Each structure stands twice: as C-alpha cells, then as structure tokens.
$ cat start35.pdb   # PDB, C-alpha atoms
ATOM      1  CA  MET F   1    -106.161-211.022-137.814
ATOM      2  CA  GLY F   2    -105.313-213.285-134.899
ATOM      3  CA  LEU F   3    -105.205-217.068-134.847
ATOM      4  CA  LEU F   4    -106.994-218.678-131.946
ATOM      5  CA  LYS F   5    -105.993-221.926-130.402
ATOM      6  CA  LEU F   6    -108.523-223.209-127.958
ATOM      7  CA  SER F   7    -108.006-225.807-125.327
ATOM      8  CA  ARG F   8    -110.653-227.432-123.223
ATOM      9  CA  ALA F   9    -110.445-226.697-119.496
ATOM     10  CA  ALA F  10    -113.328-227.926-117.397
ATOM     11  CA  GLY F  11    -115.743-227.151-120.187
ATOM     12  CA  LEU F  12    -114.595-223.544-120.547
ATOM     13  CA  TRP F  13    -112.830-222.576-123.700
ATOM     14  CA  VAL F  14    -110.283-219.865-123.211
ATOM     15  CA  ALA F  15    -108.557-217.749-125.835
ATOM     16  CA  LEU F  16    -104.814-217.994-125.370
ATOM     17  CA  GLY F  17    -102.353-215.255-125.959
ATOM     18  CA  GLY F  18    -102.919-212.102-127.883
ATOM     19  CA  PHE F  19    -106.222-212.346-129.622
ATOM     20  CA  LEU F  20    -106.498-209.121-131.484
ATOM     21  CA  VAL F  21    -103.872-206.501-131.870
ATOM     22  CA  TRP F  22    -105.211-203.192-132.982
ATOM     23  CA  THR F  23    -103.112-200.274-133.756
ATOM     24  CA  ALA F  24    -105.068-197.213-132.800
ATOM     25  CA  CYS F  25    -105.232-194.470-135.320
ATOM     26  CA  SER F  26    -102.196-195.414-137.394
ATOM     27  CA  ASN F  27    -103.845-198.391-139.148
ATOM     28  CA  ILE F  28    -107.079-196.581-139.835
ATOM     29  CA  PRO F  29    -107.013-196.134-143.612
ATOM     30  CA  GLU F  30    -108.177-192.571-143.454
ATOM     31  CA  ALA F  31    -105.696-191.636-140.753
ATOM     32  CA  GLY F  32    -103.376-188.832-141.493
ATOM     33  CA  PHE F  33    -103.796-186.612-138.534
ATOM     34  CA  GLY F  34    -101.901-183.457-137.795
ATOM     35  CA  PRO F  35    -100.181-182.269-140.946
ATOM     36  CA  ARG F  36    -103.178-183.357-143.032
ATOM     37  CA  SER F  37    -105.419-180.715-141.428
ATOM     38  CA  VAL F  38    -105.912-178.090-144.102
ATOM     39  CA  LYS F  39    -105.547-174.436-143.352
ATOM     40  CA  ALA F  40    -106.908-172.637-146.357
ATOM     41  CA  ALA F  41    -107.071-168.944-147.151
ATOM     42  CA  VAL F  42    -110.018-167.532-149.068
ATOM     43  CA  LYS F  43    -109.479-168.386-152.722
ATOM     44  CA  PRO F  44    -109.421-165.724-155.416
ATOM     45  CA  ASP F  45    -112.718-165.475-157.329
ATOM     46  CA  LYS F  46    -111.356-167.151-160.432
ATOM     47  CA  GLU F  47    -110.297-170.267-158.517
ATOM     48  CA  ARG F  48    -113.620-170.889-156.799
ATOM     49  CA  LYS F  49    -115.849-173.751-157.856
ATOM     50  CA  SER F  50    -119.568-174.098-157.290
ATOM     51  CA  ALA F  51    -120.622-175.697-154.029
ATOM     52  CA  PRO F  52    -122.528-178.915-154.768
ATOM     53  CA  GLU F  53    -126.261-178.535-154.389
ATOM     54  CA  PHE F  54    -128.074-180.580-151.773
ATOM     55  CA  ALA F  55    -131.594-181.043-150.410
ATOM     56  CA  LEU F  56    -131.692-181.916-146.700
ATOM     57  CA  LYS F  57    -134.283-181.630-143.963
ATOM     58  CA  ASP F  58    -134.066-179.256-141.027
ATOM     59  CA  SER F  59    -135.325-179.864-137.492
ATOM     60  CA  ASN F  60    -138.843-178.792-138.504
ATOM     61  CA  GLY F  61    -138.974-181.314-141.312
ATOM     62  CA  GLN F  62    -138.621-178.647-143.977
ATOM     63  CA  THR F  63    -136.499-179.473-147.012
ATOM     64  CA  VAL F  64    -133.657-177.007-147.446
ATOM     65  CA  HIS F  65    -131.665-176.498-150.630
ATOM     66  CA  LEU F  66    -128.253-174.841-150.678
ATOM     67  CA  THR F  67    -129.492-172.779-153.639
ATOM     68  CA  ASP F  68    -132.066-171.218-151.271
ATOM     69  CA  TYR F  69    -129.103-169.237-149.939
ATOM     70  CA  LYS F  70    -127.885-167.830-153.245
ATOM     71  CA  GLY F  71    -126.990-164.203-152.713
ATOM     72  CA  LYS F  72    -125.798-164.830-149.168
ATOM     73  CA  VAL F  73    -122.395-165.722-147.791
ATOM     74  CA  VAL F  74    -122.765-169.147-146.190
ATOM     75  CA  LEU F  75    -120.687-170.926-143.578
ATOM     76  CA  LEU F  76    -121.454-174.598-144.166
ATOM     77  CA  ASP F  77    -120.388-176.720-141.206
ATOM     78  CA  PHE F  78    -120.354-180.522-141.263
ATOM     79  CA  TRP F  79    -120.295-181.735-137.655
ATOM     80  CA  ALA F  80    -121.559-184.384-135.228
ATOM     81  CA  THR F  81    -122.553-184.559-131.571
ATOM     82  CA  TRP F  82    -119.785-187.108-130.934
ATOM     83  CA  CYS F  83    -117.116-184.791-132.346
ATOM     84  CA  GLY F  84    -115.253-182.875-129.639
ATOM     85  CA  PRO F  85    -113.366-180.474-131.950
ATOM     86  CA  CYS F  86    -116.683-179.658-133.684
ATOM     87  CA  LYS F  87    -118.080-178.439-130.387
ATOM     88  CA  VAL F  88    -115.255-175.910-130.018
ATOM     89  CA  GLU F  89    -116.389-174.120-133.175
ATOM     90  CA  ILE F  90    -120.146-174.132-132.635
ATOM     91  CA  PRO F  91    -120.177-171.224-130.130
ATOM     92  CA  TRP F  92    -118.161-169.196-132.651
ATOM     93  CA  PHE F  93    -120.713-169.903-135.348
ATOM     94  CA  ILE F  94    -123.565-168.913-133.044
ATOM     95  CA  GLU F  95    -121.787-165.595-132.571
ATOM     96  CA  PHE F  96    -121.169-165.130-136.299
ATOM     97  CA  GLU F  97    -124.810-165.851-137.130
ATOM     98  CA  GLN F  98    -125.858-163.110-134.748
ATOM     99  CA  GLN F  99    -123.171-160.641-135.820
ATOM    100  CA  PHE F 100    -123.433-160.979-139.579
ATOM    101  CA  LYS F 101    -126.983-162.108-140.399
ATOM    102  CA  ASN F 102    -128.102-158.583-141.282
ATOM    103  CA  ARG F 103    -125.345-158.335-143.859
ATOM    104  CA  GLY F 104    -126.525-161.337-145.846
ATOM    105  CA  PHE F 105    -124.772-164.137-144.008
ATOM    106  CA  ALA F 106    -126.010-167.486-142.786
ATOM    107  CA  VAL F 107    -124.580-170.471-140.980
ATOM    108  CA  ILE F 108    -125.835-173.915-141.971
ATOM    109  CA  GLY F 109    -124.874-176.824-139.746
ATOM    110  CA  VAL F 110    -125.124-180.296-141.273
ATOM    111  CA  SER F 111    -125.079-183.015-138.652
ATOM    112  CA  MET F 112    -123.608-186.344-139.669
ATOM    113  CA  ASP F 113    -125.006-188.144-136.616
ATOM    114  CA  GLU F 114    -126.171-191.627-137.557
ATOM    115  CA  GLU F 115    -128.654-191.512-134.661
ATOM    116  CA  GLY F 116    -130.426-188.647-136.396
ATOM    117  CA  TRP F 117    -132.650-186.096-134.691
ATOM    118  CA  ASP F 118    -132.801-188.167-131.488
ATOM    119  CA  ALA F 119    -129.198-187.137-130.884
ATOM    120  CA  VAL F 120    -129.184-183.768-132.626
ATOM    121  CA  LYS F 121    -132.351-182.003-131.430
ATOM    122  CA  PRO F 122    -131.429-182.146-127.731
ATOM    123  CA  TYR F 123    -128.001-180.783-128.610
ATOM    124  CA  ILE F 124    -129.519-177.872-130.565
ATOM    125  CA  ASP F 125    -131.739-177.028-127.591
ATOM    126  CA  ASP F 126    -129.066-177.454-124.920
ATOM    127  CA  HIS F 127    -126.560-175.262-126.743
ATOM    128  CA  LYS F 128    -129.098-172.705-128.018
ATOM    129  CA  ILE F 129    -127.965-173.016-131.603
ATOM    130  CA  ASN F 130    -129.446-170.051-133.447
ATOM    131  CA  TYR F 131    -128.776-171.203-136.982
ATOM    132  CA  ARG F 132    -130.316-173.807-139.211
ATOM    133  CA  VAL F 133    -129.247-177.384-138.634
ATOM    134  CA  LEU F 134    -129.853-180.042-141.245
ATOM    135  CA  LEU F 135    -129.475-183.806-141.048
ATOM    136  CA  GLY F 136    -126.808-185.090-143.418
ATOM    137  CA  ASN F 137    -126.713-188.362-145.266
ATOM    138  CA  GLU F 138    -124.384-190.537-147.319
ATOM    139  CA  GLN F 139    -125.264-188.684-150.496
ATOM    140  CA  VAL F 140    -124.236-185.275-149.206
ATOM    141  CA  SER F 141    -121.086-186.825-147.749
ATOM    142  CA  ASP F 142    -120.194-188.221-151.171
ATOM    143  CA  ILE F 143    -120.729-184.984-153.063
ATOM    144  CA  TYR F 144    -118.645-183.102-150.522
ATOM    145  CA  GLY F 145    -115.644-185.379-150.898
ATOM    146  CA  GLY F 146    -116.454-188.144-148.449
ATOM    147  CA  LEU F 147    -116.192-186.108-145.239
ATOM    148  CA  ASP F 148    -113.540-188.382-143.771
ATOM    149  CA  SER F 149    -112.934-185.929-140.952
ATOM    150  CA  LEU F 150    -115.106-183.656-138.922
ATOM    151  CA  PRO F 151    -115.460-180.772-138.576
ATOM    152  CA  THR F 152    -115.310-179.858-142.236
ATOM    153  CA  THR F 153    -116.263-176.217-142.716
ATOM    154  CA  LEU F 154    -116.748-174.346-145.972
ATOM    155  CA  LEU F 155    -117.166-170.662-146.674
ATOM    156  CA  ILE F 156    -119.381-170.123-149.725
ATOM    157  CA  ASP F 157    -119.657-166.759-151.447
ATOM    158  CA  ARG F 158    -122.835-165.043-152.638
ATOM    159  CA  GLN F 159    -122.503-166.658-156.061
ATOM    160  CA  GLY F 160    -122.618-170.104-154.449
ATOM    161  CA  LYS F 161    -118.924-170.731-154.980
ATOM    162  CA  ILE F 162    -116.559-172.287-152.438
ATOM    163  CA  ALA F 163    -114.181-169.638-151.132
ATOM    164  CA  SER F 164    -112.406-171.851-148.580
ATOM    165  CA  VAL F 165    -112.476-175.320-147.018
ATOM    166  CA  HIS F 166    -111.261-176.066-143.499
ATOM    167  CA  ILE F 167    -110.769-179.632-142.327
ATOM    168  CA  GLY F 168    -110.521-179.979-138.585
ATOM    169  CA  LEU F 169    -109.874-177.113-136.215
ATOM    170  CA  SER F 170    -107.535-175.481-138.681
ATOM    171  CA  LEU F 171    -108.712-171.900-138.397
ATOM    172  CA  GLY F 172    -109.103-169.758-135.307
ATOM    173  CA  LYS F 173    -112.221-167.808-134.439
ATOM    174  CA  GLU F 174    -110.875-164.417-135.479
ATOM    175  CA  GLU F 175    -109.498-165.796-138.733
ATOM    176  CA  PHE F 176    -112.951-167.135-139.534
ATOM    177  CA  ARG F 177    -114.455-163.767-138.663
ATOM    178  CA  ASP F 178    -111.981-161.951-140.910
ATOM    179  CA  ASP F 179    -112.691-164.281-143.833
ATOM    180  CA  ILE F 180    -116.459-163.875-143.433
ATOM    181  CA  ASP F 181    -116.099-160.110-143.207
ATOM    182  CA  HIS F 182    -113.912-160.144-146.307
ATOM    183  CA  LEU F 183    -116.455-162.137-148.297
ATOM    184  CA  LEU F 184    -119.323-159.923-147.174
ATOM    185  CA  GLY F 185    -117.370-156.780-147.940
ATOM    186  CA  ALA F 186    -115.991-158.030-151.246
ATOM    187  CA  SER F 187    -119.477-159.083-152.345
ATOM    188  CA  SER F 188    -120.885-155.661-151.510
ATOM    189  CA  ALA F 189    -118.049-153.939-153.368
ATOM    190  CA  ASN F 190    -118.630-156.080-156.438
ATOM    191  CA  LEU F 191    -122.334-155.327-156.399
ATOM    192  CA  SER F 192    -121.850-151.551-156.070
ATOM    193  CA  ASN F 193    -119.213-151.404-158.826
ATOM    194  CA  SER F 194    -121.413-153.324-161.235
ATOM    195  CA  ASP F 195    -124.493-151.190-160.639
ATOM    196  CA  PRO F 196    -124.556-148.348-163.241
ATOM    197  CA  LEU F 197    -126.743-146.138-161.043
ATOM    198  CA  LEU F 198    -124.362-146.427-158.093
ATOM    199  CA  THR F 199    -121.366-145.912-160.317
ATOM    200  CA  ALA F 200    -122.868-142.777-161.821
ATOM    201  CA  ALA F 201    -123.661-141.421-158.377
ATOM    202  CA  LYS F 202    -120.005-141.507-157.234
TER     203      LYS F 202
ATOM    204  CA  MET N   1    -109.473-193.926-130.061
ATOM    205  CA  ASN N   2    -112.158-193.755-127.409
ATOM    206  CA  SER N   3    -111.944-196.602-124.921
ATOM    207  CA  ASN N   4    -114.825-198.938-124.137
ATOM    208  CA  THR N   5    -115.636-196.657-121.192
ATOM    209  CA  PRO N   6    -115.317-193.089-122.490
ATOM    210  CA  SER N   7    -115.278-190.328-119.912
ATOM    211  CA  GLU N   8    -117.918-188.216-121.681
ATOM    212  CA  GLU N   9    -121.422-189.359-122.520
ATOM    213  CA  TYR N  10    -121.341-187.960-126.030
ATOM    214  CA  LEU N  11    -118.340-190.047-127.071
ATOM    215  CA  ILE N  12    -118.746-193.278-129.023
ATOM    216  CA  PRO N  13    -117.213-196.208-127.100
ATOM    217  CA  LEU N  14    -115.033-198.957-128.502
ATOM    218  CA  LYS N  15    -117.127-202.120-128.646
ATOM    219  CA  LEU N  16    -116.346-205.675-129.695
ATOM    220  CA  THR N  17    -119.281-207.992-130.308
ATOM    221  CA  TRP N  18    -119.481-211.572-131.532
ATOM    222  CA  ALA N  19    -121.927-213.775-133.387
ATOM    223  CA  LYS N  20    -123.828-216.256-131.210
ATOM    224  CA  GLU N  21    -122.329-219.356-132.780
ATOM    225  CA  PRO N  22    -120.430-221.621-133.136
ATOM    226  CA  LEU N  23    -119.016-220.426-129.788
ATOM    227  CA  GLN N  24    -120.538-218.240-127.129
ATOM    228  CA  ALA N  25    -118.542-215.173-126.120
ATOM    229  CA  GLU N  26    -118.659-215.229-122.332
ATOM    230  CA  GLN N  27    -116.498-212.234-121.629
ATOM    231  CA  VAL N  28    -114.757-209.518-123.621
ATOM    232  CA  ILE N  29    -111.748-208.172-121.736
ATOM    233  CA  TYR N  30    -110.561-204.741-122.734
ATOM    234  CA  PRO N  31    -107.168-203.393-121.703
ATOM    235  CA  LYS N  32    -106.766-200.674-119.132
ATOM    236  CA  PRO N  33    -107.367-197.336-120.879
ATOM    237  CA  GLN N  34    -105.109-194.329-120.741
ATOM    238  CA  SER N  35    -106.212-190.927-119.592
ATOM    239  CA  GLU N  36    -105.171-188.258-122.100
ATOM    240  CA  LYS N  37    -105.866-184.569-122.294
ATOM    241  CA  TYR N  38    -107.204-183.140-125.539
ATOM    242  CA  ASP N  39    -107.597-179.465-126.418
ATOM    243  CA  PHE N  40    -111.317-179.773-127.061
ATOM    244  CA  SER N  41    -112.168-181.254-123.673
ATOM    245  CA  PRO N  42    -111.757-179.641-120.256
ATOM    246  CA  THR N  43    -111.177-183.066-118.696
ATOM    247  CA  PRO N  44    -108.894-185.928-119.783
ATOM    248  CA  LEU N  45    -110.460-188.566-121.994
ATOM    249  CA  SER N  46    -110.352-192.336-121.606
ATOM    250  CA  VAL N  47    -108.606-193.676-124.711
ATOM    251  CA  PHE N  48    -106.612-196.502-126.195
ATOM    252  CA  SER N  49    -103.463-195.504-128.025
ATOM    253  CA  GLY N  50    -100.820-197.426-129.947
ATOM    254  CA  ASN N  51    -101.016-201.229-129.989
ATOM    255  CA  PHE N  52    -103.400-202.924-127.625
ATOM    256  CA  GLU N  53    -105.133-206.275-127.220
ATOM    257  CA  ILE N  54    -108.719-207.254-126.580
ATOM    258  CA  VAL N  55    -109.182-210.767-125.216
ATOM    259  CA  THR N  56    -112.385-212.745-125.541
ATOM    260  CA  LYS N  57    -113.295-215.800-123.486
ATOM    261  CA  PHE N  58    -115.430-218.225-125.423
ATOM    262  CA  LYS N  59    -117.427-221.252-124.378
ATOM    263  CA  ALA N  60    -118.281-224.146-126.637
ATOM    264  CA  PRO N  61    -121.823-225.482-126.393
ATOM    265  CA  ALA N  62    -122.151-229.213-125.786
ATOM    266  CA  ASP N  63    -123.135-229.839-129.378
ATOM    267  CA  ALA N  64    -120.228-227.913-130.879
ATOM    268  CA  ARG N  65    -118.495-229.888-133.592
ATOM    269  CA  ASN N  66    -114.802-230.518-133.375
ATOM    270  CA  GLY N  67    -112.667-229.197-136.150
ATOM    271  CA  PRO N  68    -112.119-225.899-137.926
ATOM    272  CA  ALA N  69    -114.607-223.117-137.476
ATOM    273  CA  ILE N  70    -114.910-219.370-137.930
ATOM    274  CA  MET N  71    -116.077-216.877-135.327
ATOM    275  CA  ASN N  72    -117.455-213.672-136.771
ATOM    276  CA  GLY N  73    -117.444-210.438-134.857
ATOM    277  CA  LYS N  74    -117.657-206.691-135.212
ATOM    278  CA  LEU N  75    -115.460-203.978-133.798
ATOM    279  CA  ARG N  76    -116.960-200.497-133.541
ATOM    280  CA  TYR N  77    -114.553-197.631-132.981
ATOM    281  CA  GLN N  78    -114.202-193.900-133.284
ATOM    282  CA  ALA N  79    -111.021-191.809-133.050
ATOM    283  CA  CYS N  80    -110.132-188.149-132.697
ATOM    284  CA  ASN N  81    -107.053-186.053-132.162
ATOM    285  CA  ASN N  82    -106.828-182.457-130.941
ATOM    286  CA  LYS N  83    -108.030-181.060-134.245
ATOM    287  CA  GLU N  84    -110.401-183.488-135.926
ATOM    288  CA  CYS N  85    -112.404-186.681-135.631
ATOM    289  CA  LEU N  86    -112.753-189.614-137.969
ATOM    290  CA  ALA N  87    -116.240-190.924-138.577
ATOM    291  CA  PRO N  88    -117.177-193.930-136.437
ATOM    292  CA  ARG N  89    -116.528-197.219-138.161
ATOM    293  CA  THR N  90    -117.515-200.844-137.753
ATOM    294  CA  VAL N  91    -114.998-203.442-138.882
ATOM    295  CA  GLU N  92    -116.008-207.029-139.598
ATOM    296  CA  ILE N  93    -113.813-209.643-137.931
ATOM    297  CA  ALA N  94    -113.406-213.286-138.852
ATOM    298  CA  VAL N  95    -111.250-215.470-136.614
ATOM    299  CA  THR N  96    -110.231-218.945-137.651
ATOM    300  CA  LEU N  97    -110.193-221.481-134.841
ATOM    301  CA  ASP N  98    -109.859-225.178-134.279
ATOM    302  CA  ILE N  99    -112.300-226.711-131.790
ATOM    303  CA  GLN N 100    -110.863-229.774-130.132
TER     304      GLN N 100
END
$ encode --input "start35.pdb" --output "structure tokens"
Amino acid sequence: MGLLKLSRAAGLWVALGGFLVWTACSNIPEAGFGPRSVKAAVKPDKERKSAPEFALKDSNGQTVHLTDYKGKVVLLDFWATWCGPCKVEIPWFIEFEQQFKNRGFAVIGVSMDEEGWDAVKPYIDDHKINYRVLLGNEQVSDIYGGLDSLPTTLLIDRQGKIASVHIGLSLGKEEFRDDIDHLLGASSANLSNSDPLLTAAK
Amino acid sequence: MNSNTPSEEYLIPLKLTWAKEPLQAEQVIYPKPQSEKYDFSPTPLSVFSGNFEIVTKFKAPADARNGPAIMNGKLRYQACNNKECLAPRTVEIAVTLDIQ
C-alpha cells in the first residue's frame, strides 16, 4: 500500500504524491481472463459427475431443490444483474425454455446478486424471464466451485449429472441449442432402448 | 474495472471510503476514466484500466494527536471483460501516516 506524508497547510492536510496505485484486473487474485474461459463439449456419460444438490428460494418464496428436476435436462445458469455478459445469454435461455420445455427441459437461473430480490425481481419483470429464478448464496457458490466468474452455466442431464460447464460467454447460442438437443435426444434414446416393451415392439 | 461513474445504471461503481478518524476524508479524487467498448454493451463503458491512482484529501481535527497513525478505508470494485465478470469485491485498506 502507499505511504502518506502529510504536511500542514493552513489547517488542511493534503495527501502528497501517489496515494494508491491499483492495477486493474491484473492484480485481482482471481484474474485470468481470456484464455481461462472454458469452452467445454458435452462430456461422455461415464465422465459425468452428479450436480451438487441445493435448496434455494424462488421469487414466490418457494424452496426449490435441484433434485426436483430429476428426469429433466436442466440448464443451470449462475448470473447477476450487474453482469453484462450474463445479460447476453438470458434471451437465449428464454428462447430455449420455450422451445424445449415440452421435451423435458428446464432452465434454472440462480442470481448471485447481493442486493437480493430488490435487484432481481424488477429485472425478471422487465426482461420477461419465463423460467424459474432462484436467489443464490455463499453455500451454493461454495459447492459449485466458488463461482469466481459469471456467467457460469451448466448443462445437467436427466440423471442429474453434469454434462458440461461453461465459464463466461464461451459458447454461442446455436452451440448451446445443439448440446441441449443432444442431451434431450440421447436421454430419449437411452430410455427407449432400456424399455423391454419398446424394444420388443421394434 | 468499472469507474466511479459507470455509464450504465446496473454496473457496480468503484468506490473508496474511509473511516471517520483519526483524519476526516474531505475529498476523494478519482482519475479520469476511459471509455471502452465491450461486446456485451451497445455503448462504451466508463472504466479504469491498467495502473491508476486515487487521491484523498484529508483534514486533521483540532484535537488530532501528532505522531504515527493509521487510516482505515475500503475499496469496492467490480471488473469484467468481454466474456465474463468477476464478483464484486471490497478490499480493506490500511495506510500508515505521520501527523505533524
């Protein structure tokens, strides 16, 4: 930090010279922009691990568990109203919710706004978000790896396993769509192949 | 990082605050921000980049004791690039000074 030398001048103390020198971005411990953004493909089934369970409240005060969505493909989006890149993705997710909901898909947005619903509810209304938004906390941040950067977006398969993780705007809209479609289609194929009645009918 | 006067209402501004004693912070002087374009915003944002200085003018109350003292402050900041944002953070500051 800086060292201040103060001299008296007509009763007004004035800081001399450079007081604080801050290096933007590069001295932030978590910094590692650019190449650190992860672009991940959907993992093979065998490599997927279970998504950590959580219990968070939605905008109606209802407690929501991730396990409530078992059997569905879930896009889990950690975001905040102060996050510009997050806002690029939200319209995509609104579209996906509408397009895929009848195939067993759901978007869950988890806001990491420290101001809570005071900041988040107006945003939900203004942007006509059609999917469930929950309020995150330190606990959910910890179990999901610390959430150093936003947005952090996960695709979770019907078995509750993490198929892919995207940190930052690392995936385009159509790539997201393709991955969701793949997970929905792959899940359906797995279900039909494992059902003896369906197999016998072929 | 966002400047102290961000161009969009939703952005978290840079803010330096000080404890009320032993000195009184009369004025916090931020540098002139830069205007930079980011992919996620249709308009350029007001930011600080690289090294920059924030200067604070302090005033000593009449009963301030001469000698060494520590001024405690907090710096709140939040930074993004084109692809991602770091969570807002508050850093504690302690500046050693010598009141004469």
$ atom_distance --input "start35.pdb" --atom1 "atom CA of Pro52 of chain F" --atom2 "atom CA of Gly160 of chain F"
8.8 Å
$ atom_distance --input "start35.pdb" --atom1 "atom CA of Val133 of chain F" --atom2 "atom CA of Asp181 of chain F"
22.2 Å
$ atom_distance --input "start35.pdb" --atom1 "atom CA of Ile70 of chain N" --atom2 "atom CA of Lys57 of chain N"
15.0 Å
$ residues_around --input "start35.pdb" --residues "Lys20 of chain N" --least-positions-apart "3" --cutoff "9 Å" --atoms "only C-alpha atoms" --output "number ranges by chain"
N: 23-25, 71-72
$ resolve_selection --input "start35.pdb" --expression "the ChimeraX specification (/F :<9) & /N" --output "JSON, numbers by chain"
{"N": [1, 9, 10, 11, 12, 23, 39, 40, 41, 48, 49, 50, 51, 52, 53, 54, 55, 56, 57, 58, 59, 60, 61, 62, 79, 80, 81, 82, 83, 84, 85, 86, 87, 93, 94, 95, 96, 97, 98, 99, 100]}
$ resolve_selection --input "start35.pdb" --expression "the PyMOL selection byres ((chain F and resi 184) around 10)" --output "list in words"
Lys72, Val73, Val74, Phe100, Arg103, Gly104, Phe105, Asp157, Arg158, Asp178, Asp179, Ile180, Asp181, His182, Leu183, Gly185, Ala186, Ser187, Ser188 and Ala189 of chain F
$ resolve_selection --input "start35.pdb" --expression "the PyMOL selection byres ((chain N and resi 47) around 10)" --output "MDAnalysis selection string"
(chainID F and resid 24) or (chainID N and resid 1:7 13:14 32:37 44:46 48:49 79:80)
$ residues_around --input "start35.pdb" --residues "Lys161 of chain F" --least-positions-apart "5" --cutoff "9 Å" --atoms "only C-alpha atoms" --output "PyMOL selection string"
chain F and resi 45+48-52+155-156
$ residues_around --input "start35.pdb" --residues "Leu75 of chain N" --least-positions-apart "6" --cutoff "10 Å" --atoms "all atoms listed in the file" --output "list of chain:residue names"
N:Leu14, N:Lys15, N:Leu16, N:Thr17, N:Trp18, N:Arg89, N:Thr90, N:Val91, N:Glu92, N:Ile93
$ write_last_selection --input "start35.pdb" --atoms "C-alpha atoms" --output "PDB file, in the frame of the given file"
ATOM      1  CA  LEU N  14    -115.033-198.957-128.502  1.00  0.00           C
ATOM      2  CA  LYS N  15    -117.127-202.120-128.646  1.00  0.00           C
ATOM      3  CA  LEU N  16    -116.346-205.675-129.695  1.00  0.00           C
ATOM      4  CA  THR N  17    -119.281-207.992-130.308  1.00  0.00           C
ATOM      5  CA  TRP N  18    -119.481-211.572-131.532  1.00  0.00           C
ATOM      6  CA  ARG N  89    -116.528-197.219-138.161  1.00  0.00           C
ATOM      7  CA  THR N  90    -117.515-200.844-137.753  1.00  0.00           C
ATOM      8  CA  VAL N  91    -114.998-203.442-138.882  1.00  0.00           C
ATOM      9  CA  GLU N  92    -116.008-207.029-139.598  1.00  0.00           C
ATOM     10  CA  ILE N  93    -113.813-209.643-137.931  1.00  0.00           C
TER      11      ILE N  93
END
$ closest_residue --input "start35.pdb" --among "F:Lys46, F:Lys173, F:Arg132, F:His127" --to "Ser59 of chain F" --atoms "all atoms listed in the file"
F:Arg132
